[in-house]
Amino acid sequence: MSTGETPYSLVCGTNAVILVEVMDPSLRYFRESGSQNDDSRRQDLDEVETRRDMAYVRIVAQKQQAERYYNKRAKIMPLKVGDYVLKAKTQASKDPREGKLGTNWDGPYKIMAATSKRSFTLETMEGKRLPNN
């Protein structure tokens with residue numbers, strides 16, 4: 001995601017000066033005098049909070065745009081009793097011998113009852129009821 005700012009400027013409040021510019025002064029480095037540089041640095045530090053806030057606003061706007069794009073194309077299908085579903089494996093239930101290429105899902109399971117809006121009682125294909133919703 002682009003914030004329009006460099007990470008260094010968001011942390012320190014100013015752009016970085018490359019060591020080569022100090023040893024072989026560029027126009028940008030040569031133009032700055034001691035007192036003028038101090039004043040410029042103070043002004044940069046005063047403005048850093050505003051720049052951070054603007055970067056945050058841009059990040060939030062990009063996330064909202066991505067969410068709208070996804071939601072526009074997603075087809076929401078409500079689950080009902082009798083449907084077959086896959087259940088996501090938790091980190092604790094994954095077999096450590098499988099490594100990162102192991103399956104991320106258990107199932108299929110059949111929905112037996114809806115206990116709340118997004119919670120269901122599941123059973124395996126053999127008819128054994130799962131203890132947790």
# chains A, B, ... in the order shown; residues from 1 in each chain; ligands from 1
call {"tool": "residues_around", "arguments": {"residues": "range 127-133 of chain A", "least_positions_apart": "2", "cutoff": "12 Å", "atoms": "only C-alpha atoms", "output": "ChimeraX atom specification"}}
result
/A:87,106-125
call {"tool": "atom_distance", "arguments": {"atom1": "CA of Glu126 in chain A", "atom2": "CA of Trp105 in chain A"}}
result
17.7 Å
call {"tool": "closest_residue", "arguments": {"among": "A:Gln64, A:Ala92, A:Pro7, A:Lys75", "to": "Arg51 in chain A", "atoms": "only C-alpha atoms"}}
result
A:Pro7
call {"tool": "atom_distance", "arguments": {"atom1": "CA of Arg58 in chain A", "atom2": "CA of Ser2 in chain A"}}
result
7.9 Å
call {"tool": "residues_around", "arguments": {"residues": "Asn104 in chain A", "least_positions_apart": "4", "cutoff": "10 Å", "atoms": "only C-alpha atoms", "output": "PDB file with N, CA and C atoms, in the first residue's frame"}}
result
ATOM      1  N   LEU A  86     -17.094 -27.126   4.981  1.00  0.00           N
ATOM      2  CA  LEU A  86     -15.745 -27.426   5.447  1.00  0.00           C
ATOM      3  C   LEU A  86     -15.491 -26.560   6.668  1.00  0.00           C
ATOM      4  N   LYS A  87     -14.745 -27.097   7.624  1.00  0.00           N
ATOM      5  CA  LYS A  87     -14.437 -26.379   8.850  1.00  0.00           C
ATOM      6  C   LYS A  87     -12.956 -26.038   8.840  1.00  0.00           C
ATOM      7  N   ALA A  88     -12.629 -24.761   9.118  1.00  0.00           N
ATOM      8  CA  ALA A  88     -11.237 -24.318   9.131  1.00  0.00           C
ATOM      9  C   ALA A  88     -10.499 -24.964  10.296  1.00  0.00           C
ATOM     10  N   LYS A  89      -9.278 -25.427  10.015  1.00  0.00           N
ATOM     11  CA  LYS A  89      -8.456 -25.995  11.078  1.00  0.00           C
ATOM     12  C   LYS A  89      -7.819 -24.855  11.872  1.00  0.00           C
ATOM     13  N   THR A  90      -7.769 -25.022  13.181  1.00  0.00           N
ATOM     14  CA  THR A  90      -7.044 -24.063  14.005  1.00  0.00           C
ATOM     15  C   THR A  90      -5.577 -24.470  14.037  1.00  0.00           C
ATOM     16  N   GLN A  91      -4.739 -23.576  14.482  1.00  0.00           N
ATOM     17  CA  GLN A  91      -3.303 -23.883  14.563  1.00  0.00           C
ATOM     18  C   GLN A  91      -3.056 -25.061  15.505  1.00  0.00           C
ATOM     19  N   SER A  93      -5.062 -27.605  16.025  1.00  0.00           N
ATOM     20  CA  SER A  93      -5.533 -28.879  15.505  1.00  0.00           C
ATOM     21  C   SER A  93      -4.753 -29.354  14.271  1.00  0.00           C
ATOM     22  N   LYS A  94      -3.836 -28.528  13.771  1.00  0.00           N
ATOM     23  CA  LYS A  94      -3.035 -28.940  12.611  1.00  0.00           C
ATOM     24  C   LYS A  94      -1.973 -29.935  13.044  1.00  0.00           C
ATOM     25  N   LYS A 100       3.822 -26.682   6.380  1.00  0.00           N
ATOM     26  CA  LYS A 100       3.014 -25.615   5.805  1.00  0.00           C
ATOM     27  C   LYS A 100       2.188 -26.074   4.596  1.00  0.00           C
TER      28      LYS A 100
END
